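Enquirer: Here it is: the structure, laid out below.
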Amino acid sequence: MKELPKSYDFQEVEEKWYRFWEEKGYFRPRLDPRRPKFSVVIPPPNVTGSLHIGHALNNTIQDILVRYKRMDGYDTLWVPGTDHAGIATQNVVERELAKEGKTRHDLGREAFLERVWEWKERFGNRIIQQLKRLGASCDWSRLRFTMDEGLSRAVREVFVRLWEEGLIYRGDYIINWCPRCHTALADIEVEHRPTPGKLWYIRYPLVEGQGEVVVATTRPETMLGDTAVAVHPEDERYRDLIGRKVRLPLIGREIPVIADPAVDPEFGTGAVKVTPAHDFADFEMAERHGLPRVKIMDEDGKMTPEAGPYAGLDRFEARSRVVADLEAQGFLVKTEDYEVMLGHCYRCDCVVEPLLSKQWFVRMKPLAQPATAAVEYGFIRLVPENWNNLYFDWMHRIRDWCISRQIWWGHRIPAWTCEDCGKTSVAREDLEVCPECGSKRIRQEEDVLDTWFSSALWPFSTLGWPEKTEDLRTFYPTSVLVTSFDILFFWVARMIMMGLHFMGNIPFRTVYIHALVRDEKGQKMSKSRGNVIDPVVMIEKYGADALRFTLAALAAQGRDIKLSESRIEGYKHFVNKIWNAIRFVLLNLQDFRPRELPLEELPLVSRWILSRLSYTVERVRDRLEAYEFDQAALAIYHFFWHEFCDWYIEAAKLYLRGEEARKATQEVLLRVAEASLRLLHPFMPFVTEELWQALPHEGESIMLAPYPRAEEFPRDPEAEEKMSFLMEIIVALRNIRADYNLHPTREIPAVVLSEKKAWRDLLEAEAPLVKLLARLSELEVREAGRPEAAASVVLSEAEVFVPLSGLVDIAQELSRLYKEKEKTERELSRVETRLNNPQFLAKAPAEVVEKEKARARELQEKLQRIQENIHRFEALKS
RNA sequence: GGGCGGAUAGCUCAGUGGGAGAGCAUCGGCCUUACAAGCCGGGGGUCAGAGGUUCGAAUCCUCUUCCGCCCA
């Protein structure tokens with residue numbers, strides 16, 4: 001039997017076992033048709049990314065599930081991969097180019113893409129290496145990337161089919177435009193934030209006759225593109241104006257006053273300007289009224305020739321010029337401070353511009369309907385389920401998805417336009433000639449697809465679709481998706497839609513939505529705040545096991561995680577505790593020979609620990625199945641530390657001294673230790689493997705050993721009850737020791753009184769154990785007869801005394817007794833009030849009444865014993 | 001403005017109709033040969049406030065206050 005070093009060197013151990021697991025191919029599925037399947041696809045991190053604490057949580061949870069199921073006999077597959085993150089990655093490489101004084105346009109499309117691929121090959125692997133440090137048991141032989149050949153084929157297949165089904169269309173619509181990233185964004189890629197702004201009131205004179213309309217706007221520069229003024233149809237103030245014309249200040253265009261119910265009469269003056277090319281609501285209003293769209297701002301955020309004298313100006317400069325001119329010409333009525341909700345690009349944070357533009361869209365309604373039903377009818381379960389409402393609400397209000405992006409890095413849209421016949425054709429294979437007229441003068445669409453378009457296919461594209469692969473047949477649908485709520489709509493909803501549409505089946509049965517990791521003050525972690533906790537640094541400082549266990553222990557459902565480094569440090573102590581407990585076991589296993597466990601002959605404390613283990617195993621499994629990782633982690637923590645270490649190991653020291661008892665105790669120590677490691681393995685893969693390998697064991701690796709079952713260990717309620725009693729006695733004795741400041745190593749005599757014969761017999765039988773754990777020189781058990789001059793503690797079914805002639809402080813004893821008396825009386829009076837209430841006796845369930853009565857008896861007896869002790873000490877005092 | 005969630009020990013949180021709990025922190029005593037990253041023991045709470053339902057409310061209902069998130 002090998003001896004363990006005194007302290008745990010996680011650095012070396014983590015590296016060693018990860019390499020071992022990977023080389024042995026344990027992460028790959030066994031493809032054994034008799035085994036049930038468990039599959040997970042990783043939420044692909046951005047290829048530009050590095051592991052942040054959110055990834056650490058996300059992947060720890062997945063790994064806990066995958067390792068648990070793998071040990072529990074499932075054929076498991078966890079597919080890893082990365083996402084090409086179009087805008088983000090392009091931004092990174094463009095920044096790099098900028099340092100060389102170049103833009104992507106200097107290189108041209110092809111050279112630029114080569115440059116991005118180069119970058120990806122060099123740096124794109126970083127997050128994969130970091131996931132390995134965390135211990136993630138992904139099947140790396142199936143590593144995927146959204147721009148892989150196979151996945152790209154899936155993207156094309158999906159695009160072509162959706163086009164053929166009429167679910168993809170192209171057209172001029174208003175979209176969100178990021179002038180910095182120079183691309184369209186989907187609605188949900190825009191973050192709306194309240195920003196201090198102003199409300200300008202502008203006079204629009206009537207064309208005929210006297211009078212004017214005053215409109216309020218937060219964006220005066222867009223007035224150059226106004227094609228109407230709108231009022232609410234029932235607004236009495238403006239009833240006469242509807243149908244008349246006003247003249248647009250500064251450029252003099254005549255525009256109509258229209259009535260539309262979308263106008264909020266409470267906003268500003270109740271009259272609003274309508275700019276169809278630069279505002280979502282106005283765009284829709286223009287559709288309803290057939291208004292023209294005048295585009296006064298271009299894709300760079302500069303004013304177009306339509307803006308007349310302002311052409312060429314930047315959007316912010318144009319605003320101040322327009323305001324100044326309005327004021328100078330007397331059109332500005334007033335200005336108020338006003339908080340506006342401004343859209344910001346989720347990639348670069350600059351202010352997004354609503355813009356009229358030709359883009360590609362996916363019709364969402366026909367796809368959303370079955371995706372909603374899948375959750376509604378329980379084919380897909382969201383955990384925790386309070387996300388259901390949000391999901392339904394979003395699906396209900398879903399709008400068409402703008403999928404084209406004006407960047408280069410991504411899947412180029414497979415559409416070709418013929419310069420001769422003008423037709424657009426969409427095709428699976430690249431086109432050389434126009435299928436309509438045979439012309440060779442065709443040009444491929446410049447735009448690429450939204451990255452989320454390819455992510456939406458992830459659960460089946462990674463398994464080989466559109467090929468009919470073995471993996472697809474075996475592992476689709478996947479078992480569970482682990483993700484955070486912030487991409488529920490970006491990603492999860494779209495995977496459900498695409499999965500249902502193209503596979504005819506849900507992509508996963510359960511979606512576990514975990515919390516966001518925040519700092520200890522509850523703030524979002526961000527580089528600018530400087531409050532980020534870097535998981536890689538934490539792994540280096542405290543070990544991957546400590547980090548993983550901390551995240552699991554804090555992962556309560558429906559609550560954000562407030563993480564601080566000290567929590568991780570705290571759980572490192574737990575790792576150390578495990579190490580030392582197993583070290584103790586090993587030190588005492590030097591002469592160990594395995595044998596059958598004679599259950600009937602086991603000492604009480606051994607039967608107790610096996611029973612507690614059985615209960616803990618059941619609890620851990622149950623909480624894992626419920627995705628309550630915190631509860632599962634805490635159950636193990638409590639069992640291992642406070643039951644196995646604090647009580648069993650201490651008790652075992654007694655039995656290890658014997659002959660026969662030693663052998664049985666070795667067996668129990670080993671079984672409990674070994675099973676605890678297996679139970680812990682999904683949470684702490686590294687230290688458990690290291691220790692399991694050091695213990696006598698069967699098999700090559702703990703990660704392939706069976707997950708513990710509650711039935712492996714006998715339940716023994718009687719042993720649990722007896723142990724509870726003994727523990728109560730021992731704690732009482734330790735209590736007296738602490739109160740009297742008796743040195744922990746000093747052995748003291750004790751007397752225990754109990755009227756119950758069963759308890760007296762138990763105490764006699766277990767006297768050696770009680771003496772060891774309470775450090776007693778002798779233990780006397782009596783039915784009656786209190787010793788003189790003794791410190792005492794009154795329990796409900798026993799009294800504990802430490803006779804200490806000369807040492808007992810009567811005043812202290814009395815104060816303890818009076819305090820206890822007060823507490824007991826308070827409790828008793830509460831119980832009695834209840835029992836004296838006829839309503840309670842009549843209406844409460846019989847077992848509750850019975851329980852209360854028993855409790856009253858117990859308290860009365862205890863009170864009486866306290867009273868007797870008080871009398872005794874009072875007598876001694878005088 | 002609409003929706004969702006939260007308020008329980010100093011901190012982080014569990015408890016969802018019948019004796020207020022855990023971890024960490026704190027205080028006191030200990031180097032008791034697995035572990036001082038440890039052991040033993042203690043203190044600490046009108047369960048945000050008000051009202052209601054009930055024999056009984058931290059728990060269910062209503063309102064109020066405060067905090068967070070999502071949407072408009």
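We label chains A, B, ... in the order they appear in the structure tokens, count residues from 1 in each chain, and number ligands from 1 in the order shown.
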Using DSSP on the backbone coordinates, identify the residues of region 230-379 of chain A assigned to strand (DSSP E or B); present them as a ChimeraX atom specification.
Expert: /A:230-231,245-247,254-259,271-274,297,302-303,314,332-345,351,353-362
Enquirer: Show me which bits of chain B are within 12 Å of chain A, counting only C-alpha atoms (C1' of nucleotides), as a ChimeraX atom specification.
Expert: /B:2-6,11-14,17-19,22-25,28-30,32-42,54-56,67-72
Enquirer: From the list A:Ile506, A:Leu65, A:Ile568, A:Ala493, which residue is nearest Tyr542 (chain A) when using only C-alpha atoms?
Expert: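 Closest residue, counting only C-alpha atoms: A:Ile568.
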Enquirer: So which residues touch U26 (chain B) within 10 Å, counting only C-alpha atoms (C1' of nucleotides), skipping near sequence neighbours fewer than 5 positions away, as a ChimeraX atom specification?
Expert: /B:10,43-44
Enquirer: Residues of the last selection are to be written out with N, CA, C and O atoms (P, O5', C5', C4', C3', O3' and C1' of nucleotides), as a PDB file, in the first residue's frame.
Expert:
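So the final result, stored in part-v5.pdb, reads:
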```pdb
ATOM      1  P     G B  10     -26.840  39.719  11.682  1.00  0.00           P
ATOM      2  O5'   G B  10     -25.503  40.165  10.929  1.00  0.00           O
ATOM      3  C5'   G B  10     -25.199  41.530  10.727  1.00  0.00           C
ATOM      4  C4'   G B  10     -23.900  41.613   9.966  1.00  0.00           C
ATOM      5  C3'   G B  10     -23.920  40.915   8.607  1.00  0.00           C
ATOM      6  O3'   G B  10     -24.253  41.828   7.586  1.00  0.00           O
ATOM      7  C1'   G B  10     -22.121  40.074   9.907  1.00  0.00           C
ATOM      8  P     G B  43     -24.683  29.365  22.627  1.00  0.00           P
ATOM      9  O5'   G B  43     -24.433  30.879  22.222  1.00  0.00           O
ATOM     10  C5'   G B  43     -24.210  31.873  23.226  1.00  0.00           C
ATOM     11  C4'   G B  43     -23.753  33.143  22.578  1.00  0.00           C
ATOM     12  C3'   G B  43     -24.717  33.737  21.561  1.00  0.00           C
ATOM     13  O3'   G B  43     -25.699  34.532  22.206  1.00  0.00           O
ATOM     14  C1'   G B  43     -22.542  33.700  20.637  1.00  0.00           C
ATOM     15  P     G B  44     -27.197  34.454  21.695  1.00  0.00           P
ATOM     16  O5'   G B  44     -27.136  35.192  20.292  1.00  0.00           O
ATOM     17  C5'   G B  44     -26.758  36.568  20.207  1.00  0.00           C
ATOM     18  C4'   G B  44     -26.430  36.902  18.779  1.00  0.00           C
ATOM     19  C3'   G B  44     -27.582  36.669  17.794  1.00  0.00           C
ATOM     20  O3'   G B  44     -28.411  37.816  17.740  1.00  0.00           O
ATOM     21  C1'   G B  44     -25.575  35.717  16.944  1.00  0.00           C
TER      22        G B  44
END
```
Enquirer: In Å, with one decimal, what is the gap from CA of Leu77 (chain A) to CA of Val480 (chain A)?
Expert: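 Taking CA of Leu77 (chain A) as the start and CA of Val480 (chain A) as the end point, the length is 11.4 Å.
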Enquirer: Nearest to Glu643 (chain A): which of A:Glu788, A:Asp450, A:Glu118, A:Glu720 is it, counting only C-alpha atoms?
Expert: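 Under the stated criterion, the closest residue is A:Glu720.
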